[in-house]
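**Q** Got a file for you: entry.txt, compact mmCIF, C-alpha atoms.
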```txt
# COMPACT_ATOMS: atom_id res chain seq x y z
CA MET N 1 -17.61 -20.40 -43.64
CA ALA N 2 -18.00 -16.62 -43.44
CA SER N 3 -20.39 -17.00 -40.55
CA SER N 4 -17.99 -19.27 -38.69
CA THR N 5 -15.09 -16.87 -39.20
CA SER N 6 -17.16 -13.96 -37.98
CA THR N 7 -18.13 -15.82 -34.85
CA SER N 8 -14.56 -16.81 -34.00
CA THR N 9 -13.32 -13.25 -34.30
CA THR N 10 -16.05 -11.56 -32.33
CA THR N 11 -16.62 -14.03 -29.53
CA PRO N 12 -13.27 -13.46 -27.75
CA SER N 13 -13.78 -9.71 -27.76
CA SER N 14 -17.18 -10.11 -26.13
CA ARG N 15 -15.71 -11.96 -23.17
CA ILE N 16 -14.32 -10.35 -20.04
CA HIS N 17 -10.56 -10.17 -20.40
CA ARG N 18 -8.57 -12.49 -18.15
CA ALA N 19 -6.65 -9.49 -16.81
CA TRP N 20 -9.68 -8.34 -14.82
CA LEU N 21 -9.85 -11.70 -13.06
CA MET N 22 -6.16 -11.37 -12.16
CA ALA N 23 -6.81 -7.90 -10.74
CA ALA N 24 -9.72 -9.25 -8.67
CA VAL N 25 -7.62 -12.08 -7.22
CA ALA N 26 -4.77 -9.67 -6.47
CA GLY N 27 -7.28 -7.37 -4.79
CA ALA N 28 -8.51 -10.20 -2.57
CA ALA N 29 -4.94 -10.88 -1.42
CA ILE N 30 -4.29 -7.19 -0.72
CA VAL N 31 -7.60 -6.84 1.17
CA THR N 32 -6.62 -9.79 3.37
CA ALA N 33 -3.16 -8.35 4.10
CA GLY N 34 -4.72 -4.96 4.85
CA ALA N 35 -7.00 -6.53 7.44
CA PHE N 36 -4.00 -7.62 9.51
CA THR N 37 -2.79 -4.03 9.84
CA THR N 38 -5.80 -3.14 11.99
CA VAL N 39 -5.34 -5.91 14.54
CA PRO N 40 -2.32 -4.74 16.65
CA GLY N 41 -4.25 -1.73 17.93
CA LEU N 42 -7.07 -4.03 19.03
CA LEU N 43 -4.69 -6.39 20.85
CA VAL N 44 -2.89 -3.90 23.09
CA THR N 45 -5.48 -3.72 25.88
CA PRO N 46 -6.51 -7.44 25.88
CA LEU N 47 -2.88 -8.61 25.96
CA HIS N 48 -2.01 -6.11 28.68
CA GLN N 49 -4.95 -7.29 30.77
CA GLU N 50 -4.37 -11.02 30.20
CA TYR N 51 -0.59 -11.23 30.49
CA GLY N 52 0.36 -7.95 32.18
CA TRP N 53 2.75 -7.13 29.33
CA GLU N 54 3.89 -3.53 29.03
CA ARG N 55 2.17 -1.64 26.25
CA GLY N 56 5.51 -0.60 24.80
CA ARG N 57 6.58 -4.23 24.42
CA ILE N 58 3.29 -5.02 22.70
CA ALA N 59 3.68 -2.02 20.38
CA LEU N 60 7.18 -3.23 19.45
CA ALA N 61 5.57 -5.98 17.37
CA ALA N 62 3.68 -3.38 15.33
CA SER N 63 6.88 -1.37 14.83
CA VAL N 64 8.79 -4.43 13.58
CA ASN N 65 5.83 -5.27 11.34
CA MET N 66 5.84 -1.78 9.80
CA LEU N 67 9.60 -1.81 9.23
CA LEU N 68 9.60 -5.22 7.54
CA PHE N 69 6.52 -4.29 5.54
CA GLY N 70 8.48 -1.49 3.90
CA LEU N 71 11.80 -3.33 3.46
CA THR N 72 10.31 -6.58 2.13
CA ALA N 73 8.39 -5.04 -0.77
CA PRO N 74 11.29 -4.42 -3.23
CA PHE N 75 12.79 -7.87 -2.63
CA ALA N 76 9.36 -9.45 -3.10
CA ALA N 77 8.98 -7.68 -6.45
CA ALA N 78 12.29 -9.13 -7.66
CA LEU N 79 11.40 -12.56 -6.29
CA MET N 80 8.18 -12.48 -8.30
CA ASP N 81 10.26 -11.95 -11.43
CA ARG N 82 12.41 -14.90 -10.36
CA ILE N 83 9.97 -17.63 -9.31
CA GLY N 84 6.60 -16.18 -10.32
CA THR N 85 3.92 -14.05 -8.73
CA ARG N 86 1.63 -16.92 -7.77
CA ARG N 87 4.28 -18.72 -5.71
CA VAL N 88 5.31 -15.58 -3.87
CA VAL N 89 1.73 -14.54 -3.10
CA MET N 90 0.82 -18.02 -1.86
CA GLY N 91 3.93 -18.10 0.31
CA ALA N 92 3.12 -14.65 1.69
CA LEU N 93 -0.43 -15.65 2.62
CA LEU N 94 0.84 -18.83 4.28
CA LEU N 95 3.33 -16.75 6.29
CA VAL N 96 0.55 -14.41 7.38
CA ALA N 97 -1.74 -17.30 8.33
CA SER N 98 1.05 -19.07 10.23
CA GLY N 99 1.93 -15.92 12.15
CA ALA N 100 -1.69 -15.41 13.19
CA LEU N 101 -2.20 -19.04 14.24
CA LEU N 102 1.03 -19.07 16.25
CA ALA N 103 0.04 -15.79 17.91
CA GLY N 104 -3.09 -17.53 19.15
CA VAL N 105 -0.98 -19.86 21.35
CA MET N 106 1.82 -17.45 22.40
CA THR N 107 2.75 -16.93 26.04
CA ARG N 108 5.75 -14.54 25.85
CA PRO N 109 6.15 -10.99 24.48
CA TRP N 110 9.03 -12.00 22.20
CA GLN N 111 6.69 -14.47 20.52
CA LEU N 112 4.33 -11.64 19.59
CA VAL N 113 7.27 -9.83 17.97
CA ALA N 114 8.36 -12.99 16.16
CA TYR N 115 4.91 -14.05 14.98
CA TRP N 116 3.12 -10.76 14.37
CA GLY N 117 6.13 -8.55 13.79
CA VAL N 118 8.35 -10.83 11.69
CA LEU N 119 6.14 -13.46 10.02
CA ILE N 120 3.16 -11.24 9.30
CA GLY N 121 5.42 -8.28 8.52
CA LEU N 122 7.29 -10.33 5.88
CA GLY N 123 4.10 -11.80 4.46
CA SER N 124 2.14 -8.56 4.25
CA GLY N 125 5.19 -6.78 2.81
CA CYS N 126 5.05 -9.14 -0.18
CA LEU N 127 1.46 -8.00 -0.78
CA ALA N 128 2.20 -4.27 -0.73
CA MET N 129 1.77 -1.85 -3.63
CA THR N 130 4.80 -3.32 -5.42
CA PHE N 131 2.67 -6.44 -5.90
CA ALA N 132 -0.11 -4.31 -7.38
CA ALA N 133 2.40 -2.51 -9.62
CA GLY N 134 3.75 -5.83 -10.91
CA VAL N 135 0.32 -7.25 -11.69
CA THR N 136 -0.82 -4.16 -13.57
CA ALA N 137 2.49 -3.89 -15.47
CA ARG N 138 2.22 -7.48 -16.73
CA TRP N 139 -1.51 -7.74 -17.41
CA PHE N 140 -2.56 -4.24 -18.51
CA ASP N 141 -1.40 -2.08 -21.39
CA ARG N 142 -4.40 0.25 -21.03
CA ARG N 143 -6.26 1.29 -17.85
CA ARG N 144 -3.06 0.51 -15.95
CA SER N 145 -3.25 3.42 -13.52
CA LEU N 146 -6.99 2.96 -13.00
CA VAL N 147 -6.40 -0.64 -11.93
CA THR N 148 -3.46 0.46 -9.79
CA GLY N 149 -5.74 2.94 -8.05
CA ALA N 150 -8.32 0.24 -7.40
CA LEU N 151 -5.71 -2.11 -5.97
CA SER N 152 -4.24 0.74 -3.91
CA SER N 153 -7.61 1.21 -2.25
CA SER N 154 -7.90 -2.51 -1.52
CA SER N 155 -5.68 -2.31 1.56
CA HIS N 156 -7.90 0.39 3.07
CA LEU N 157 -10.93 -1.63 2.03
CA GLY N 158 -9.59 -4.55 4.06
CA GLN N 159 -9.25 -2.32 7.10
CA LEU N 160 -12.76 -0.94 6.67
CA LEU N 161 -14.36 -4.33 6.11
CA PHE N 162 -12.69 -6.15 8.98
CA LEU N 163 -12.08 -3.46 11.62
CA PRO N 164 -15.68 -3.18 12.94
CA LEU N 165 -16.11 -6.95 12.90
CA LEU N 166 -12.79 -7.59 14.62
CA ALA N 167 -13.42 -4.93 17.26
CA ARG N 168 -16.85 -6.39 18.04
CA SER N 169 -15.42 -9.90 18.19
CA VAL N 170 -12.65 -8.82 20.57
CA ASP N 171 -15.22 -7.18 22.86
CA HIS N 172 -17.54 -10.18 22.96
CA HIS N 173 -15.27 -13.22 22.47
CA GLY N 174 -11.74 -12.15 23.37
CA TRP N 175 -8.78 -11.60 21.08
CA ARG N 176 -8.06 -15.17 19.94
CA PRO N 177 -11.17 -15.92 17.81
CA PRO N 178 -10.71 -12.94 15.45
CA VAL N 179 -7.01 -13.72 15.05
CA VAL N 180 -7.78 -17.34 14.12
CA THR N 181 -10.57 -16.19 11.81
CA LEU N 182 -8.17 -13.93 9.92
CA ALA N 183 -5.74 -16.84 9.58
CA LEU N 184 -8.48 -18.98 8.02
CA VAL N 185 -9.39 -16.15 5.63
CA ALA N 186 -5.73 -15.94 4.55
CA LEU N 187 -5.66 -19.71 3.91
CA ALA N 188 -8.85 -19.47 1.84
CA VAL N 189 -7.42 -16.65 -0.28
CA ALA N 190 -4.20 -18.66 -0.73
CA ALA N 191 -6.29 -21.46 -2.22
CA LEU N 192 -7.99 -18.92 -4.51
CA VAL N 193 -4.58 -17.65 -5.64
CA PHE N 194 -3.42 -21.21 -6.37
CA LEU N 195 -6.48 -21.91 -8.50
CA LEU N 196 -6.83 -18.66 -10.43
CA LEU N 197 -3.73 -16.43 -10.38
CA ARG N 198 -1.29 -16.67 -13.27
CA ASP N 199 2.12 -15.06 -13.54
CA HIS N 200 1.83 -13.67 -17.07
CA PRO N 201 -0.80 -13.26 -19.84
CA ALA N 202 1.20 -15.64 -22.05
CA GLU N 203 0.44 -18.47 -19.62
CA ALA N 204 -3.27 -17.93 -20.33
CA GLY N 205 -2.64 -17.51 -24.05
CA VAL N 206 -3.91 -13.91 -24.14
CA LYS N 207 -2.49 -10.47 -24.80
CA PRO N 208 -2.22 -7.91 -21.99
CA TYR N 209 -5.42 -5.89 -21.75
CA GLY N 210 -5.39 -3.23 -24.45
CA ALA N 211 -2.23 -4.54 -26.16
CA THR N 212 -2.14 -4.97 -29.91
CA GLU N 213 0.52 -7.68 -29.91
CA PHE N 214 1.07 -10.90 -28.02
CA VAL N 215 3.76 -10.52 -25.34
CA PRO N 216 5.87 -13.63 -24.62
CA LYS N 217 6.64 -14.48 -21.03
CA PRO N 218 10.13 -13.26 -20.11
CA PRO N 219 12.63 -15.76 -18.71
CA PRO N 220 13.06 -15.87 -14.94
CA ALA N 221 15.30 -13.12 -13.61
CA ALA N 222 18.32 -14.60 -11.86
CA GLY N 223 19.42 -13.54 -8.39
CA ALA N 224 16.34 -11.87 -6.93
CA ALA N 225 18.06 -10.39 -3.88
CA ALA N 226 21.12 -9.29 -5.84
CA ARG N 227 18.93 -7.76 -8.53
CA THR N 228 16.95 -5.82 -5.93
CA LEU N 229 20.11 -4.27 -4.53
CA LYS N 230 21.56 -3.63 -8.00
CA VAL N 231 18.38 -1.83 -9.04
CA LEU N 232 18.60 0.29 -5.90
CA LEU N 233 22.24 1.19 -6.59
CA ARG N 234 21.46 2.09 -10.22
CA ALA N 235 18.35 4.09 -9.34
CA ALA N 236 20.16 5.88 -6.49
CA ARG N 237 22.49 7.42 -9.11
CA THR N 238 19.54 9.20 -10.72
CA GLY N 239 17.73 12.35 -9.66
CA PRO N 240 14.16 11.07 -10.19
CA PHE N 241 14.67 8.34 -7.59
CA TRP N 242 15.56 10.78 -4.83
CA LEU N 243 12.79 13.16 -5.83
CA LEU N 244 10.19 10.40 -5.77
CA ALA N 245 11.58 8.93 -2.54
CA GLY N 246 11.50 12.36 -0.89
CA VAL N 247 8.00 13.05 -2.13
CA PHE N 248 6.75 9.69 -0.90
CA ALA N 249 8.46 10.07 2.49
CA LEU N 250 6.51 13.31 2.91
CA CYS N 251 3.42 11.43 1.79
CA GLY N 252 3.86 8.79 4.50
CA ALA N 253 4.54 11.43 7.12
CA SER N 254 1.37 13.35 6.29
CA THR N 255 -0.99 10.35 6.07
CA ASN N 256 -0.84 7.04 7.94
CA GLY N 257 2.26 8.07 9.89
CA ILE N 258 0.45 10.84 11.74
CA MET N 259 -3.17 9.78 11.46
CA TRP N 260 -3.11 6.15 12.58
CA SER N 261 -1.03 6.90 15.69
CA ASN N 262 -1.82 10.51 16.63
CA TRP N 263 -5.36 11.20 15.44
CA ALA N 264 -7.04 9.85 18.58
CA PRO N 265 -4.90 11.83 21.06
CA ALA N 266 -5.27 14.96 18.91
CA ALA N 267 -9.05 14.55 18.99
CA HIS N 268 -8.88 13.99 22.75
CA ASP N 269 -7.06 17.31 23.11
CA HIS N 270 -10.15 18.97 21.62
CA GLY N 271 -12.54 17.10 23.93
CA MET N 272 -13.79 14.67 21.29
CA ARG N 273 -14.91 11.25 22.47
CA SER N 274 -12.92 8.24 21.26
CA THR N 275 -15.91 6.72 19.45
CA ALA N 276 -16.42 9.91 17.44
CA ALA N 277 -12.70 10.12 16.65
CA ALA N 278 -12.68 6.50 15.48
CA SER N 279 -15.71 7.13 13.28
CA LEU N 280 -14.02 10.09 11.61
CA LEU N 281 -10.89 8.01 11.03
CA SER N 282 -13.02 5.32 9.40
CA LEU N 283 -14.57 7.99 7.16
CA ILE N 284 -11.10 9.07 6.10
CA GLY N 285 -10.43 5.46 5.15
CA ILE N 286 -13.64 5.27 3.13
CA PHE N 287 -12.84 8.40 1.16
CA SER N 288 -9.25 7.18 0.70
CA ALA N 289 -10.55 4.07 -1.02
CA LEU N 290 -12.86 6.20 -3.17
CA GLY N 291 -10.16 8.73 -4.07
CA ALA N 292 -7.70 6.16 -5.42
CA LEU N 293 -9.97 5.29 -8.36
CA PRO N 294 -10.31 8.78 -9.90
CA ALA N 295 -6.60 9.34 -9.22
CA GLY N 296 -5.80 6.29 -11.34
CA TRP N 297 -8.23 7.45 -14.04
CA LEU N 298 -6.60 10.89 -14.12
CA THR N 299 -3.10 9.41 -14.19
CA ASP N 300 -4.04 7.46 -17.32
CA ARG N 301 -5.08 10.68 -19.05
CA PHE N 302 -2.83 13.44 -17.74
CA ASP N 303 0.77 14.01 -16.73
CA PRO N 304 1.15 12.05 -13.45
CA ARG N 305 3.34 14.84 -12.08
CA ARG N 306 0.41 17.25 -12.28
CA VAL N 307 -1.89 14.77 -10.55
CA LEU N 308 0.71 14.41 -7.79
CA THR N 309 1.08 18.18 -7.43
CA VAL N 310 -2.66 18.71 -7.10
CA CYS N 311 -2.99 15.92 -4.49
CA PHE N 312 -0.25 17.37 -2.30
CA ALA N 313 -1.50 20.94 -2.66
CA VAL N 314 -5.01 19.92 -1.59
CA ARG N 315 -3.63 17.89 1.30
CA ALA N 316 -1.56 20.87 2.47
CA LEU N 317 -4.66 23.08 2.53
CA THR N 318 -6.67 20.55 4.53
CA LEU N 319 -3.91 20.17 7.13
CA LEU N 320 -3.62 23.94 7.46
CA ALA N 321 -7.36 24.16 8.03
CA LEU N 322 -7.53 21.28 10.53
CA PRO N 323 -6.70 23.30 13.70
CA LEU N 324 -9.43 25.76 12.72
CA VAL N 325 -12.16 23.12 12.32
CA PHE N 326 -11.21 20.61 15.03
CA ALA N 327 -14.03 20.50 17.56
CA SER N 328 -15.30 18.41 20.45
CA THR N 329 -18.11 16.98 18.33
CA VAL N 330 -18.57 15.83 14.76
CA THR N 331 -19.40 19.02 12.86
CA VAL N 332 -19.98 19.78 9.19
CA PRO N 333 -16.49 21.34 8.80
CA MET N 334 -14.95 18.21 10.35
CA LEU N 335 -16.90 16.00 7.96
CA LEU N 336 -15.75 18.18 5.07
CA PHE N 337 -12.15 17.79 6.24
CA THR N 338 -12.41 13.99 6.40
CA ALA N 339 -13.91 13.87 2.90
CA VAL N 340 -11.39 16.14 1.17
CA TYR N 341 -8.36 14.84 3.07
CA GLY N 342 -9.44 11.25 2.50
CA LEU N 343 -9.88 11.70 -1.24
CA VAL N 344 -6.21 12.70 -1.64
CA ASP N 345 -4.85 10.22 0.93
CA VAL N 346 -4.10 7.18 -1.29
CA ALA N 347 -4.51 9.21 -4.50
CA THR N 348 -0.73 9.77 -4.62
CA VAL N 349 0.00 6.07 -5.20
CA PRO N 350 -1.08 5.66 -8.88
CA PRO N 351 0.94 8.64 -10.19
CA VAL N 352 4.08 7.60 -8.26
CA ILE N 353 3.84 4.03 -9.58
CA GLU N 354 3.35 5.36 -13.10
CA LEU N 355 6.33 7.72 -12.79
CA ALA N 356 8.53 4.86 -11.57
CA ARG N 357 7.41 2.78 -14.56
CA ARG N 358 8.03 5.54 -17.08
CA VAL N 359 11.47 6.39 -15.75
CA TYR N 360 12.79 2.91 -14.91
CA GLY N 361 10.87 0.62 -17.26
CA GLU N 362 10.94 -3.06 -16.29
CA ASP N 363 12.67 -2.18 -13.03
CA GLY N 364 9.80 0.17 -12.13
CA PRO N 365 8.03 -2.14 -9.62
CA ILE N 366 11.30 -2.80 -7.76
CA VAL N 367 12.21 0.90 -7.76
CA PHE N 368 8.74 1.69 -6.45
CA GLY N 369 9.33 -0.86 -3.70
CA TRP N 370 12.31 1.17 -2.50
CA ILE N 371 10.35 4.39 -2.88
CA ASN N 372 7.60 2.82 -0.79
CA ALA N 373 10.21 1.96 1.86
CA ALA N 374 10.89 5.69 2.06
CA HIS N 375 7.14 6.16 2.59
CA GLN N 376 7.26 3.81 5.57
CA LEU N 377 10.31 5.58 7.01
CA GLY N 378 8.52 8.91 6.71
CA ALA N 379 5.47 7.41 8.38
CA GLY N 380 7.48 6.00 11.28
CA ALA N 381 9.33 9.28 11.82
CA SER N 382 6.09 11.25 11.75
CA ALA N 383 4.42 8.95 14.29
CA PHE N 384 7.29 9.44 16.76
CA LEU N 385 8.05 13.11 16.08
CA GLY N 386 4.37 14.07 16.10
CA ALA N 387 3.90 12.69 19.60
CA THR N 388 7.19 14.27 20.71
CA ALA N 389 6.12 17.66 19.37
CA ARG N 390 2.81 17.36 21.21
CA ASP N 391 4.68 16.82 24.48
CA ALA N 392 7.01 19.74 23.76
CA PHE N 393 4.44 22.30 22.58
CA GLY N 394 1.31 21.10 24.36
CA SER N 395 -0.65 21.01 21.12
CA TYR N 396 -0.70 19.34 17.70
CA ASP N 397 -1.16 22.68 15.92
CA VAL N 398 2.55 22.96 15.10
CA VAL N 399 2.48 19.38 13.77
CA TRP N 400 -0.34 20.09 11.33
CA ALA N 401 1.43 23.26 10.16
CA ALA N 402 4.75 21.45 9.68
CA LEU N 403 3.12 18.63 7.72
CA ALA N 404 1.23 21.14 5.56
CA ALA N 405 4.56 22.80 4.75
CA GLY N 406 6.00 19.40 3.89
CA CYS N 407 3.11 18.73 1.51
CA LEU N 408 3.71 22.07 -0.22
CA VAL N 409 7.37 21.08 -0.66
CA ALA N 410 6.23 17.76 -2.18
CA ALA N 411 3.86 19.61 -4.53
CA LEU N 412 6.81 21.70 -5.75
CA LEU N 413 9.14 18.70 -6.10
CA ALA N 414 6.75 16.57 -8.19
CA PRO N 415 7.07 18.60 -11.45
CA ALA N 416 10.87 18.35 -11.17
CA VAL N 417 10.78 14.58 -11.89
CA ARG N 418 12.13 14.28 -15.43
CA MET N 419 10.53 11.69 -17.70
CA ARG N 420 11.66 10.36 -21.03
CA GLY N 421 9.40 9.65 -23.95
CA HIS N 422 10.01 5.94 -23.44
CA THR N 423 10.89 3.67 -20.57
CA CYS N 424 14.52 3.32 -19.64
CA ARG N 425 16.82 0.37 -19.37
CA PRO N 426 20.18 0.13 -17.62
CA ASP N 427 23.07 1.50 -19.67
CA ALA N 428 25.64 -0.67 -21.39
CA SER N 429 27.73 -0.98 -18.22
CA GLY N 430 24.73 -2.29 -16.28
CA ARG N 431 25.60 0.11 -13.49
CA GLY N 432 23.26 3.00 -14.15
CA TYR N 433 20.34 4.39 -16.15
CA PRO N 434 20.66 6.84 -19.05
CA SER N 435 20.69 10.48 -18.07
CA GLN N 436 17.24 11.90 -17.37
CA SER N 437 18.09 15.26 -18.88
```
Before we go any further, please render this structure as structure tokens.

**A**
Amino acid sequence: MASSTSTSTTTPSSRIHRAWLMAAVAGAAIVTAGAFTTVPGLLVTPLHQEYGWERGRIALAASVNMLLFGLTAPFAAALMDRIGTRRVVMGALLLVASGALLAGVMTRPWQLVAYWGVLIGLGSGCLAMTFAAGVTARWFDRRRSLVTGALSSSSHLGQLLFLPLLARSVDHHGWRPPVVTLALVALAVAALVFLLLRDHPAEAGVKPYGATEFVPKPPPAAGAAARTLKVLLRAARTGPFWLLAGVFALCGASTNGIMWSNWAPAAHDHGMRSTAAASLLSLIGIFSALGALPAGWLTDRFDPRRVLTVCFAVRALTLLALPLVFASTVTVPMLLFTAVYGLVDVATVPPVIELARRVYGEDGPIVFGWINAAHQLGAGASAFLGATARDAFGSYDVVWAALAAGCLVAALLAPAVRMRGHTCRPDASGRGYPSQS
């Protein structure tokens, strides 16, 4: 009897916790969604050559996609609380697959906007970092920020894994085969989600990873859209929300907003060949994926505000140094820039998610969704204003200096986010959160 009891108590602890499987499935979905973000840039020239469409009309689809990606995330987080994560993720992947398949038979520019901009924008927006925040909040009591960092890097991993393959396929087989291939990948991952993903640890009969007590599954939250807006109105009455939104808008402006749209022309200004510029951008993506993991590890162990401050301070220094090291060829200083800048690129995500959780409790993933929308707005503004400044000043030097100044402002704002010793809930009126003083 003693032997049997001993076996039953030790065997479960020797198994891999179910939470890690959930993180892996979530990562697969995020990787797939991230792959679709690389495609619009590859389609511009083929579509222009095949149909004669203006490049601006083709780029409109990417703009609509980016806008919906940011605005969908908070509503998707609330919908997951309403009908379950698995249903939302499956629906999102089916939307993405449908948009890609329909794009393969389109004949008009408005169809590209509808299929790639709207359908894929809505679907990929459901698989943004709010999805990662929700999964880690439900399934992990320990290692939460580490897992968040890993999932944050998954989107960049999708870009890095698929971009070279997609580019080669477009060159050799045209643009339709890679688009259809991505659609099939999305359908395969949707099947994986259906088979393996669960909404809550209670459904699998386990505790969250690292928890000491069993956590029952909460009842469905009524009114997903209304709740999303109510959370926004409540959070907007608090100082931490505006600080985090401002910090993350500066984050978007100084990362994908400027780099994905203006890096190539900036490199061209210095006489660098497009292949070399693309290689350096890929290196930034690689180091971004690597940097998210230690950022999550540090967030688990230190004040997330300090982690955020360090990330922005380092980013400011790299942007200040960029005009001094930019060259016509790939040099050691340029490689050093890509490494250091890349390491702090996505590293801001885990501490911001953790701060949203600590300040707003169960509403944290939804609040982060709105904060992430600010990130996308900052990115869009930076993409446009960066190019405009280049036309006005004849150089990107003023852009790098302005973004470095913005990062220094973000580094100073991060410590001002006030946290309580416990997570917050709405006050008795249901209209606001307790004072963060």

**Q** Would you mind reading off the distance between atom CA of N:Arg227 and atom CA of N:Ala78, one decimal, in Å?

**A**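 Those two atoms sit 6.8 Å apart.
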
**Q** Just the number, please: distance in Å from atom CA of N:Gly174 to atom CA of N:Pro46, one decimal.

**A**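 Separation between atom CA of N:Gly174 and atom CA of N:Pro46: 7.5 Å.
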
**Q** Between N:Pro265, N:Gly223, N:Gly149, N:Gly117, which residue has the minimum interatomic distance to N:Leu290, considering all atoms listed in the file?

**A** N:Gly149

**Q** Quick one: of N:Trp53, N:Thr148, N:Ala29, N:Leu182, who's nearest to N:Leu101, counting only C-alpha atoms?

**A**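 Closest residue, counting only C-alpha atoms: N:Leu182.
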
**Q** I'd like the neighbourhood of N:Phe337 as a short mmCIF file (atom, residue, chain, number, x, y, z; two decimals) with C-alpha atoms, keeping the file's coordinate frame, where a residue qualifies if any of its atoms comes within 12 Å (using all atoms listed in the file), though same-chain residues fewer than 6 positions away should be ignored.

**A**
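Done, and the output landed in selection.cif:
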```cif
data_model
loop_
_atom_site.label_atom_id
_atom_site.label_comp_id
_atom_site.auth_asym_id
_atom_site.auth_seq_id
_atom_site.Cartn_x
_atom_site.Cartn_y
_atom_site.Cartn_z
CA LEU N 280 -14.02 10.09 11.61
CA LEU N 281 -10.89 8.01 11.03
CA LEU N 283 -14.57 7.99 7.16
CA ILE N 284 -11.10 9.07 6.10
CA PHE N 287 -12.84 8.40 1.16
CA VAL N 314 -5.01 19.92 -1.59
CA ARG N 315 -3.63 17.89 1.30
CA ALA N 316 -1.56 20.87 2.47
CA LEU N 317 -4.66 23.08 2.53
CA THR N 318 -6.67 20.55 4.53
CA LEU N 319 -3.91 20.17 7.13
CA LEU N 320 -3.62 23.94 7.46
CA ALA N 321 -7.36 24.16 8.03
CA LEU N 322 -7.53 21.28 10.53
CA PRO N 323 -6.70 23.30 13.70
CA LEU N 324 -9.43 25.76 12.72
CA VAL N 325 -12.16 23.12 12.32
CA PHE N 326 -11.21 20.61 15.03
CA ALA N 327 -14.03 20.50 17.56
CA VAL N 330 -18.57 15.83 14.76
CA THR N 331 -19.40 19.02 12.86
CA LEU N 343 -9.88 11.70 -1.24
CA VAL N 344 -6.21 12.70 -1.64
CA ASP N 345 -4.85 10.22 0.93
#
```

**Q** Between atom CA of N:Ile371 and atom CA of N:Ala414, what is the spacing in Å?

**A** 13.8 Å

**Q** Could the centre and edge lengths of an axis-aligned box, enclosing all atoms of stretch 73-81 of chain N in the file with 4 Å extra on each side, be given in Å to one decimal as JSON?

**A**
```
{"center_x": 10.5, "center_y": -8.5, "center_z": -6.1, "size_x": 12.6, "size_y": 16.1, "size_z": 18.7}
```

**Q** At a cut-off of 9 Å, using only C-alpha atoms, what residues contact N:Arg18? Leave out same-chain residues fewer than 5 positions from it and give the result as a PyMOL selection string.

**A** chain N and resi 23+139+201+204+206+208-209
